[in-house]
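S.K.: Pasting entry27.cif here (mmCIF, C-alpha atoms):
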```
data_start
loop_
_atom_site.label_atom_id
_atom_site.label_comp_id
_atom_site.auth_asym_id
_atom_site.auth_seq_id
_atom_site.Cartn_x
_atom_site.Cartn_y
_atom_site.Cartn_z
CA MET A 1 -29.81 25.78 4.23
CA LYS A 2 -27.06 24.45 2.02
CA SER A 3 -26.99 20.89 0.81
CA THR A 4 -23.63 20.33 2.50
CA GLU A 5 -25.07 21.36 5.86
CA ILE A 6 -28.00 18.99 5.40
CA ALA A 7 -25.66 16.18 4.43
CA ASN A 8 -23.44 16.87 7.45
CA GLY A 9 -26.48 16.89 9.71
CA ILE A 10 -27.68 13.55 8.33
CA LEU A 11 -24.21 12.03 8.68
CA LYS A 12 -23.94 13.30 12.25
CA ALA A 13 -27.36 11.82 13.12
CA ILE A 14 -26.39 8.50 11.54
CA ALA A 15 -23.14 8.52 13.51
CA VAL A 16 -24.96 9.20 16.78
CA ILE A 17 -27.53 6.46 16.14
CA THR A 18 -24.79 4.03 15.11
CA GLY A 19 -22.78 4.82 18.23
CA PHE A 20 -25.84 4.36 20.42
CA VAL A 21 -26.68 1.00 18.82
CA LEU A 22 -23.08 -0.15 19.22
CA LEU A 23 -23.15 0.92 22.86
CA LEU A 24 -26.31 -1.11 23.47
CA PHE A 25 -24.75 -4.10 21.70
CA LEU A 26 -21.60 -3.78 23.79
CA ILE A 27 -23.67 -3.60 26.99
CA TYR A 28 -25.60 -6.68 25.88
CA GLU A 29 -22.44 -8.66 25.17
CA LEU A 30 -20.78 -7.54 28.41
CA GLN A 31 -23.88 -7.60 30.60
CA SER A 32 -22.13 -9.68 33.28
CA ILE A 33 -19.41 -7.06 33.67
CA VAL A 34 -22.02 -4.30 33.69
CA ALA A 35 -23.90 -6.20 36.40
CA TYR A 36 -20.71 -6.53 38.47
CA LEU A 37 -20.09 -2.79 38.16
CA VAL A 38 -23.64 -1.90 39.14
CA ILE A 39 -23.70 -4.30 42.10
CA SER A 40 -20.33 -3.00 43.22
CA GLY A 41 -21.69 0.53 43.01
CA VAL A 42 -24.60 -0.48 45.25
CA VAL A 43 -22.20 -2.09 47.74
CA ALA A 44 -20.11 1.08 47.69
CA LEU A 45 -23.19 3.22 48.37
CA ILE A 46 -24.08 0.98 51.32
CA GLY A 47 -20.54 0.86 52.68
CA ARG A 48 -19.66 4.52 52.19
CA PRO A 49 -21.42 5.75 55.38
CA ILE A 50 -19.50 3.10 57.37
CA VAL A 51 -16.20 4.28 55.87
CA MET A 52 -16.99 7.91 56.63
CA ARG A 53 -17.96 7.10 60.21
CA LEU A 54 -14.78 5.08 60.80
CA LYS A 55 -12.64 7.90 59.41
CA LYS A 56 -14.44 10.66 61.27
CA HIS A 57 -15.04 9.14 64.71
CA PHE A 58 -12.17 6.66 65.01
CA ARG A 59 -9.50 8.49 62.98
CA ILE A 60 -8.83 5.37 60.89
CA PRO A 61 -6.91 5.90 57.62
CA ASN A 62 -8.90 5.62 54.40
CA VAL A 63 -7.48 2.29 53.19
CA ALA A 64 -7.85 0.67 56.63
CA ALA A 65 -11.43 1.98 56.92
CA VAL A 66 -12.28 0.55 53.50
CA ILE A 67 -10.77 -2.85 54.37
CA LEU A 68 -12.63 -2.92 57.68
CA THR A 69 -15.88 -1.97 55.95
CA MET A 70 -15.45 -4.72 53.35
CA LEU A 71 -14.80 -7.21 56.15
CA ILE A 72 -17.98 -6.07 57.93
CA LEU A 73 -20.11 -6.39 54.78
CA THR A 74 -18.54 -9.75 53.91
CA ALA A 75 -19.16 -10.99 57.46
CA LEU A 76 -22.82 -9.95 57.24
CA PHE A 77 -23.24 -11.69 53.89
CA GLY A 78 -21.38 -14.77 55.14
CA GLY A 79 -23.48 -14.85 58.28
CA ILE A 80 -26.66 -14.89 56.23
CA ILE A 81 -25.29 -17.75 54.12
CA MET A 82 -24.23 -19.70 57.23
CA LEU A 83 -27.74 -19.35 58.62
CA LEU A 84 -29.38 -20.52 55.41
CA VAL A 85 -27.09 -23.48 54.56
CA PRO A 86 -28.10 -25.66 57.58
CA LEU A 87 -31.73 -24.84 56.86
CA LEU A 88 -31.42 -25.91 53.22
CA THR A 89 -29.47 -29.03 54.20
CA GLU A 90 -32.16 -30.06 56.68
CA GLN A 91 -34.92 -29.49 54.16
CA GLY A 92 -32.94 -31.43 51.56
CA LYS A 93 -32.92 -34.43 53.90
CA ASN A 94 -36.66 -34.03 54.48
CA LEU A 95 -37.21 -33.86 50.74
CA TYR A 96 -35.20 -37.07 50.26
CA LEU A 97 -37.13 -38.91 52.97
CA PHE A 98 -40.54 -37.54 52.04
CA ASP A 99 -42.98 -40.08 50.63
CA PHE A 100 -44.34 -38.43 47.51
CA GLY A 101 -46.58 -41.46 47.04
CA ILE A 102 -48.90 -39.85 49.56
CA ILE A 103 -49.34 -36.84 47.29
CA GLN A 104 -49.84 -39.14 44.30
CA LYS A 105 -52.63 -41.02 46.12
CA GLU A 106 -54.35 -37.75 47.01
CA PHE A 107 -54.19 -36.56 43.42
CA ASP A 108 -55.52 -39.93 42.29
CA LYS A 109 -58.52 -39.41 44.57
CA LEU A 110 -58.96 -35.90 43.20
CA TYR A 111 -58.67 -37.27 39.67
CA ILE A 112 -61.44 -39.81 40.31
CA MET A 113 -63.71 -37.16 41.84
CA VAL A 114 -63.21 -34.79 38.90
CA SER A 115 -63.75 -37.60 36.40
CA GLU A 116 -66.99 -38.64 38.06
CA TYR A 117 -68.18 -35.02 38.30
CA PHE A 118 -67.69 -34.35 34.59
CA GLY A 119 -68.86 -37.81 33.58
CA THR A 120 -65.51 -38.64 31.99
CA THR A 121 -64.48 -42.27 31.91
CA LYS A 122 -61.07 -43.32 33.11
CA LYS A 123 -60.16 -44.71 29.68
CA VAL A 124 -60.72 -41.33 27.97
CA VAL A 125 -58.40 -39.57 30.40
CA GLU A 126 -55.78 -42.30 30.06
CA ASP A 127 -55.93 -41.97 26.27
CA LEU A 128 -55.35 -38.22 26.60
CA VAL A 129 -52.41 -38.81 28.90
CA GLU A 130 -50.99 -41.39 26.51
CA ASP A 131 -51.34 -38.98 23.57
CA ALA A 132 -49.49 -36.36 25.60
CA THR A 133 -46.64 -38.88 26.12
CA LEU A 134 -46.88 -38.51 29.88
CA ASP A 135 -46.78 -42.22 30.69
CA LYS A 136 -44.94 -43.58 33.69
CA ASP A 137 -41.92 -44.70 31.68
CA GLY A 138 -41.64 -41.23 30.20
CA VAL A 139 -41.79 -39.66 33.63
CA LYS A 140 -39.10 -42.00 34.89
CA THR A 141 -36.90 -41.25 31.90
CA LEU A 142 -37.48 -37.55 32.41
CA GLY A 143 -36.48 -37.89 36.06
CA LYS A 144 -33.27 -39.73 35.16
CA ASP A 145 -32.34 -37.06 32.63
CA LEU A 146 -33.45 -34.19 34.84
CA VAL A 147 -31.40 -34.97 37.96
CA PRO A 148 -27.95 -34.88 36.25
CA SER A 149 -28.87 -31.74 34.31
CA VAL A 150 -30.09 -30.00 37.45
CA PHE A 151 -26.93 -31.02 39.33
CA LYS A 152 -24.79 -29.73 36.47
CA SER A 153 -26.73 -26.46 36.42
CA ILE A 154 -26.24 -26.05 40.17
CA LEU A 155 -22.47 -26.50 39.77
CA GLN A 156 -22.41 -23.90 36.99
CA VAL A 157 -24.41 -21.47 39.13
CA LEU A 158 -22.04 -21.95 42.08
CA ASP A 159 -19.06 -21.38 39.78
CA ASN A 160 -20.61 -18.18 38.41
CA ILE A 161 -21.47 -17.02 41.93
CA GLY A 162 -17.86 -17.52 43.03
CA ILE A 163 -16.48 -15.52 40.11
CA GLY A 164 -19.12 -12.84 40.55
CA LEU A 165 -18.53 -12.55 44.30
CA PHE A 166 -14.79 -12.10 43.84
CA SER A 167 -15.34 -9.53 41.08
CA VAL A 168 -17.86 -7.55 43.14
CA LEU A 169 -15.59 -7.48 46.21
CA PHE A 170 -12.58 -6.42 44.14
CA ILE A 171 -14.43 -3.64 42.31
CA SER A 172 -16.24 -2.48 45.46
CA PHE A 173 -12.94 -2.08 47.28
CA PHE A 174 -11.65 0.42 44.72
CA PHE A 175 -15.01 2.19 44.51
CA LEU A 176 -14.83 2.74 48.27
CA LYS A 177 -11.15 3.56 48.28
CA ASP A 178 -11.51 6.16 45.52
CA SER A 179 -15.08 7.31 46.04
CA ASN A 180 -14.93 9.93 43.30
CA ILE A 181 -13.22 7.74 40.72
CA ILE A 182 -16.36 7.40 38.59
CA GLN A 183 -17.16 11.09 38.78
CA ARG A 184 -13.61 12.08 37.82
CA SER A 185 -13.58 9.59 34.95
CA ILE A 186 -16.84 10.96 33.60
CA LEU A 187 -15.83 14.60 33.97
CA THR A 188 -12.54 14.08 32.12
CA SER A 189 -14.45 12.92 29.05
CA VAL A 190 -17.11 15.65 29.19
CA PRO A 191 -16.68 19.02 27.42
CA ASP A 192 -16.23 22.02 29.69
CA ASN A 193 -19.58 23.53 28.72
CA HIS A 194 -21.37 20.41 30.02
CA ARG A 195 -19.45 19.90 33.26
CA ILE A 196 -22.00 21.70 35.47
CA LYS A 197 -24.91 19.70 34.06
CA THR A 198 -22.91 16.51 34.44
CA MET A 199 -22.13 17.23 38.10
CA ARG A 200 -25.81 18.01 38.72
CA SER A 201 -26.77 14.72 37.06
CA ILE A 202 -24.33 12.73 39.20
CA ALA A 203 -25.58 14.35 42.41
CA LYS A 204 -29.22 13.75 41.42
CA ILE A 205 -28.51 10.13 40.49
CA LYS A 206 -26.82 9.47 43.84
CA ASN A 207 -29.77 11.00 45.69
CA LEU A 208 -32.46 9.09 43.77
CA LEU A 209 -30.65 5.75 43.88
CA SER A 210 -30.00 6.08 47.61
CA ARG A 211 -33.69 6.71 48.19
CA TYR A 212 -34.60 3.81 45.91
CA PHE A 213 -32.41 1.30 47.75
CA VAL A 214 -33.70 2.49 51.12
CA GLY A 215 -37.24 2.05 49.80
CA LEU A 216 -36.35 -1.39 48.46
CA LEU A 217 -35.11 -2.44 51.90
CA PHE A 218 -38.38 -1.17 53.40
CA GLN A 219 -40.32 -3.18 50.80
CA LEU A 220 -38.37 -6.36 51.62
CA PHE A 221 -38.91 -5.78 55.35
CA ILE A 222 -42.69 -5.59 54.87
CA LEU A 223 -42.74 -8.82 52.86
CA PHE A 224 -40.41 -10.52 55.34
CA SER A 225 -42.72 -9.59 58.23
CA LEU A 226 -45.82 -10.89 56.43
CA TYR A 227 -44.11 -14.11 55.34
CA ALA A 228 -42.71 -14.69 58.85
CA ILE A 229 -46.13 -14.20 60.48
CA THR A 230 -47.73 -16.58 57.97
CA LEU A 231 -45.13 -19.34 58.42
CA ILE A 232 -45.17 -18.99 62.22
CA LEU A 233 -48.97 -19.33 62.28
CA VAL A 234 -48.69 -22.40 60.06
CA GLY A 235 -46.23 -23.87 62.57
CA LEU A 236 -43.25 -24.22 60.24
CA GLU A 237 -39.84 -24.70 61.83
CA ASN A 238 -37.23 -22.01 61.09
CA ALA A 239 -40.07 -19.78 59.88
CA VAL A 240 -38.08 -16.56 60.25
CA LEU A 241 -35.14 -17.83 58.18
CA ILE A 242 -37.40 -19.19 55.46
CA ALA A 243 -39.34 -15.92 55.35
CA PHE A 244 -36.10 -13.95 55.11
CA MET A 245 -34.81 -16.09 52.24
CA CYS A 246 -38.08 -15.90 50.31
CA ALA A 247 -38.36 -12.14 50.86
CA LEU A 248 -34.90 -11.69 49.31
CA PHE A 249 -36.18 -13.26 46.08
CA ASN A 250 -38.44 -10.23 45.65
CA ILE A 251 -35.35 -8.35 44.50
CA ILE A 252 -36.10 -10.09 41.18
CA PRO A 253 -39.20 -8.29 39.88
CA TYR A 254 -42.28 -10.44 39.17
CA LEU A 255 -40.36 -13.75 39.00
CA GLY A 256 -39.01 -13.47 42.55
CA PRO A 257 -42.41 -13.65 44.30
CA MET A 258 -43.30 -16.82 42.39
CA ILE A 259 -39.97 -18.43 43.31
CA GLY A 260 -40.48 -17.47 46.95
CA ALA A 261 -44.02 -18.89 46.96
CA ILE A 262 -42.83 -22.20 45.47
CA ILE A 263 -40.06 -22.47 48.07
CA MET A 264 -42.45 -21.80 50.96
CA VAL A 265 -44.91 -24.39 49.65
CA MET A 266 -42.14 -26.98 49.27
CA PHE A 267 -40.86 -26.28 52.79
CA THR A 268 -44.39 -26.61 54.14
CA ILE A 269 -44.87 -29.98 52.43
CA THR A 270 -41.50 -31.51 53.28
CA SER A 271 -41.50 -30.27 56.87
CA ASN A 272 -44.50 -32.43 57.74
CA PRO A 273 -43.51 -36.02 56.92
CA GLY A 274 -45.79 -38.85 58.02
CA VAL A 275 -48.94 -36.74 58.44
CA ASP A 276 -52.15 -36.87 56.48
CA PHE A 277 -51.83 -34.84 53.30
CA SER A 278 -55.46 -33.85 52.74
CA THR A 279 -56.34 -32.88 56.31
CA ILE A 280 -53.08 -31.33 57.54
CA ILE A 281 -50.58 -30.53 54.77
CA LEU A 282 -53.03 -29.27 52.15
CA PRO A 283 -54.72 -26.72 54.49
CA LYS A 284 -51.29 -25.46 55.58
CA VAL A 285 -50.29 -25.00 51.93
CA GLY A 286 -53.53 -23.06 51.42
CA TYR A 287 -52.75 -20.78 54.36
CA VAL A 288 -49.22 -20.18 53.02
CA LEU A 289 -50.54 -19.29 49.56
CA LEU A 290 -53.11 -16.98 51.18
CA GLY A 291 -50.35 -15.22 53.13
CA VAL A 292 -48.23 -14.88 49.99
CA THR A 293 -51.21 -13.46 48.08
CA ILE A 294 -51.94 -10.89 50.80
CA GLY A 295 -48.26 -9.93 50.89
CA GLN A 296 -48.12 -9.45 47.13
CA LEU A 297 -51.34 -7.42 47.10
CA ILE A 298 -49.93 -5.10 49.75
CA ASP A 299 -46.63 -4.95 47.86
CA ASN A 300 -48.18 -4.26 44.44
CA PHE A 301 -50.79 -1.73 45.55
CA PHE A 302 -49.02 -0.07 48.49
CA SER A 303 -45.27 -0.61 48.78
CA GLN A 304 -44.19 -0.45 45.14
CA PRO A 305 -46.28 2.62 44.13
CA ILE A 306 -44.93 4.58 47.10
CA ILE A 307 -41.33 3.53 46.43
CA PHE A 308 -41.44 4.25 42.71
CA SER A 309 -43.31 7.54 43.00
CA ASN A 310 -41.32 8.94 45.92
CA SER A 311 -37.85 7.54 45.24
CA VAL A 312 -37.31 7.37 41.48
CA LYS A 313 -40.23 9.62 40.49
CA SER A 314 -41.72 7.07 38.07
CA HIS A 315 -45.23 5.72 37.58
CA PRO A 316 -45.71 1.99 38.40
CA LEU A 317 -46.96 1.29 34.86
CA GLU A 318 -43.91 3.03 33.47
CA ILE A 319 -41.69 0.87 35.69
CA PHE A 320 -43.56 -2.29 34.66
CA LEU A 321 -42.91 -1.65 30.96
CA VAL A 322 -39.26 -0.84 31.62
CA ILE A 323 -38.74 -4.03 33.66
CA LEU A 324 -40.55 -6.10 31.04
CA GLY A 325 -38.39 -4.70 28.24
CA ALA A 326 -35.18 -5.14 30.24
CA GLY A 327 -36.17 -8.72 31.04
CA LEU A 328 -36.73 -9.55 27.37
CA LEU A 329 -33.38 -8.03 26.40
CA PHE A 330 -31.11 -8.98 29.30
CA GLY A 331 -32.95 -11.65 31.30
CA ILE A 332 -33.14 -11.71 35.10
CA VAL A 333 -30.10 -9.46 35.52
CA GLY A 334 -31.77 -6.87 33.31
CA MET A 335 -34.96 -7.01 35.37
CA MET A 336 -33.02 -6.42 38.57
CA LEU A 337 -31.09 -3.48 37.14
CA ALA A 338 -33.96 -1.98 35.12
CA VAL A 339 -35.17 0.58 37.67
CA PRO A 340 -31.73 1.97 38.65
CA GLY A 341 -30.64 2.06 34.99
CA TYR A 342 -33.85 3.75 33.90
CA THR A 343 -33.46 6.32 36.68
CA VAL A 344 -29.95 7.17 35.49
CA ILE A 345 -31.18 7.60 31.91
CA LYS A 346 -34.06 9.82 33.03
CA VAL A 347 -31.79 12.11 35.02
CA ILE A 348 -29.34 12.46 32.13
CA LEU A 349 -32.14 13.22 29.66
CA HIS A 350 -33.65 15.73 32.11
CA GLN A 351 -30.37 17.64 32.31
CA PHE A 352 -29.32 17.54 28.66
CA VAL A 353 -32.55 17.19 26.62
CA SER A 354 -34.98 18.99 28.89
CA LYS A 355 -36.64 20.93 26.04
CA ASN A 356 -37.96 17.80 24.35
CA LYS A 357 -41.68 17.31 25.01
CA ILE A 358 -41.42 13.55 25.52
CA VAL A 359 -38.48 13.95 27.90
CA THR A 360 -40.35 16.69 29.77
CA ALA A 361 -43.35 14.38 30.24
CA LEU A 362 -41.22 11.44 31.40
CA THR A 363 -39.02 13.45 33.77
CA ARG A 364 -41.77 15.52 35.37
CA GLY A 365 -41.05 15.84 39.08
CA LEU A 366 -37.31 15.24 38.93
#
```
Could you write out this file's structure as structure tokens?

M.R.:
Amino acid sequence: MKSTEIANGILKAIAVITGFVLLLFLIYELQSIVAYLVISGVVALIGRPIVMRLKKHFRIPNVAAVILTMLILTALFGGIIMLLVPLLTEQGKNLYLFDFGIIQKEFDKLYIMVSEYFGTTKKVVEDLVEDATLDKDGVKTLGKDLVPSVFKSILQVLDNIGIGLFSVLFISFFFLKDSNIIQRSILTSVPDNHRIKTMRSIAKIKNLLSRYFVGLLFQLFILFSLYAITLILVGLENAVLIAFMCALFNIIPYLGPMIGAIIMVMFTITSNPGVDFSTIILPKVGYVLLGVTIGQLIDNFFSQPIIFSNSVKSHPLEIFLVILGAGLLFGIVGMMLAVPGYTVIKVILHQFVSKNKIVTALTRGL
């Protein structure tokens, strides 16, 4: 092999690696736009059957069918929000009226019992608390600083949600209107000798992602049922709505279940004002945590393995590492998009780099 050929090969490899790194950097910098595109693609996949049915059975023109579909999906989303807002408002009032001094007294009793059990004097514990700068004045100061910052964060989140919602609706409309726009855009930039493999990849990706989202809905339905049964047995008002809201948080891998559990515990505490904490509220909180634990055990050892193995053809450990890496790089959005993104990459590698041993091992079963 000539030295010029070796040099050209090295330069080509460097160019490919550089381009790949730049692409990852661009995705990182524009992760919000990437998230909007991906979410819009999911909405388009969900709305496409509705569009096809309207066009086929009711002879509605394409644009009118797309507009009607977007109105249906928006109405469903708005209906969910309208159901949850009164619930959150009511619980906010309960939270404002709730006497947290009751909880403080119970923890004071627990503190005395633990201190007596371990033979620790009250002064030693107070010295430790003072060294940790957790005195009452510090807590009050923290509360004064925390409330404005939380309120400001909520306003920023609402602003981002508004922008994101408009962007998703706008992009989804054109995805539904021109259903093959992505495929045509990709094929125009692909060499002729790779067009067949590209079309196979697109078809495979659509199939796998459709199965994944159907499986995800099934997973959420199982958790919703378990949460609803738990909250109904506990006697919580609006149990079904609370269970539905907390089940939706499971879309966020690993963090979502913890958020849902915290919300259910807070609703359980604030929905029982004026009752004894140790004999009534605390047992109910224990039952809620038990129900959440059972739900997560079923989800982790039954629902998720079946979904990942049958829909995206990936091992749960493989998915865990991918979600963890995506979370470290791109945060919560990365965790939510990790599985679909990883599926797309696997399909592309399977079609174009199928002879590589590592790729063969990772894409077995596709």

S.K.: Ranking A:Ile27, A:Phe267, A:Leu11, A:Val85 by minimum distance to Ala239 (chain A) and counting all atoms listed in the file, which one comes first?

M.R.: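 Closest to Ala239 (chain A) of all the choices is A:Phe267.
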
S.K.: Identify which of the residues A:Thr279, A:Ser172, A:Ser189, A:Thr89 lies closest to Gly41 (chain A), counting all atoms listed in the file when measuring atom-to-atom distances.

M.R.: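 Using all atoms listed in the file, Gly41 (chain A) sits closest to A:Ser172.
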
S.K.: For Gln351 (chain A), find every residue with an atom within 8 Å (counting all atoms listed in the file), except residues of its own chain fewer than 3 positions away, and show them as number ranges by chain.

M.R.: A: 197-198, 200-201, 347-348, 354

S.K.: Given the file shown, enumerate the residues that the PyMOL selection byres ((chain A and resi 262) around 12) captures and present them as an mmCIF file with C-alpha atoms, in the frame of the given file.

M.R.:
```cif
data_model
loop_
_atom_site.group_PDB
_atom_site.id
_atom_site.type_symbol
_atom_site.label_atom_id
_atom_site.label_comp_id
_atom_site.auth_asym_id
_atom_site.auth_seq_id
_atom_site.Cartn_x
_atom_site.Cartn_y
_atom_site.Cartn_z
ATOM 1 C CA ILE A 242 -37.400 -19.190 55.460
ATOM 2 C CA CYS A 246 -38.080 -15.900 50.310
ATOM 3 C CA PHE A 249 -36.180 -13.260 46.080
ATOM 4 C CA LEU A 255 -40.360 -13.750 39.000
ATOM 5 C CA GLY A 256 -39.010 -13.470 42.550
ATOM 6 C CA PRO A 257 -42.410 -13.650 44.300
ATOM 7 C CA MET A 258 -43.300 -16.820 42.390
ATOM 8 C CA ILE A 259 -39.970 -18.430 43.310
ATOM 9 C CA GLY A 260 -40.480 -17.470 46.950
ATOM 10 C CA ALA A 261 -44.020 -18.890 46.960
ATOM 11 C CA ILE A 263 -40.060 -22.470 48.070
ATOM 12 C CA MET A 264 -42.450 -21.800 50.960
ATOM 13 C CA VAL A 265 -44.910 -24.390 49.650
ATOM 14 C CA MET A 266 -42.140 -26.980 49.270
ATOM 15 C CA PHE A 267 -40.860 -26.280 52.790
ATOM 16 C CA THR A 268 -44.390 -26.610 54.140
ATOM 17 C CA ILE A 269 -44.870 -29.980 52.430
ATOM 18 C CA VAL A 285 -50.290 -25.000 51.930
ATOM 19 C CA VAL A 288 -49.220 -20.180 53.020
ATOM 20 C CA LEU A 289 -50.540 -19.290 49.560
ATOM 21 C CA VAL A 292 -48.230 -14.880 49.990
#
```

S.K.: Can you spell out as a VMD selection string the set of residues that the PyMOL selection byres ((chain A and resi 59-68) around 9) selects in the structure I just provided?

M.R.: chain A and resid 47 to 48 50 to 58 69 to 73 173 to 174 176 to 177

S.K.: To one decimal in Å, tell me the separation between CA of Lys313 (chain A) and CA of Asn356 (chain A).

M.R.: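 Distance reported for this atom pair: 18.2 Å.
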
S.K.: Report, in Å with one decimal, the straight-line distance from CA of Val344 (chain A) to CA of Ile205 (chain A).

M.R.: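 Computing the Euclidean distance for CA of Val344 (chain A) and CA of Ile205 (chain A) yields 6.0 Å.
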
S.K.: Can you measure CA of His350 (chain A) to CA of Ile186 (chain A) for me? One decimal in Å is fine.

M.R.: 17.5 Å

S.K.: So, counting only C-alpha atoms, which residue among A:Ala35, A:Ile14, A:Val339, A:Ile6 is closest to Leu209 (chain A)?

M.R.: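 When distances to Leu209 (chain A) are compared using only C-alpha atoms, the smallest one comes from A:Val339.
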
S.K.: From the list A:Phe320, A:Tyr36, A:Phe166, A:Phe175, which residue is nearest Gln304 (chain A) when using all atoms listed in the file?

M.R.: A:Phe320

S.K.: With distances taken over all atoms listed in the file, which residue among A:Val353, A:Asn8, A:Asn193, A:Pro340 lies nearest Ile323 (chain A)?

M.R.: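 With all atoms listed in the file as the atom set, the closest residue is A:Pro340.
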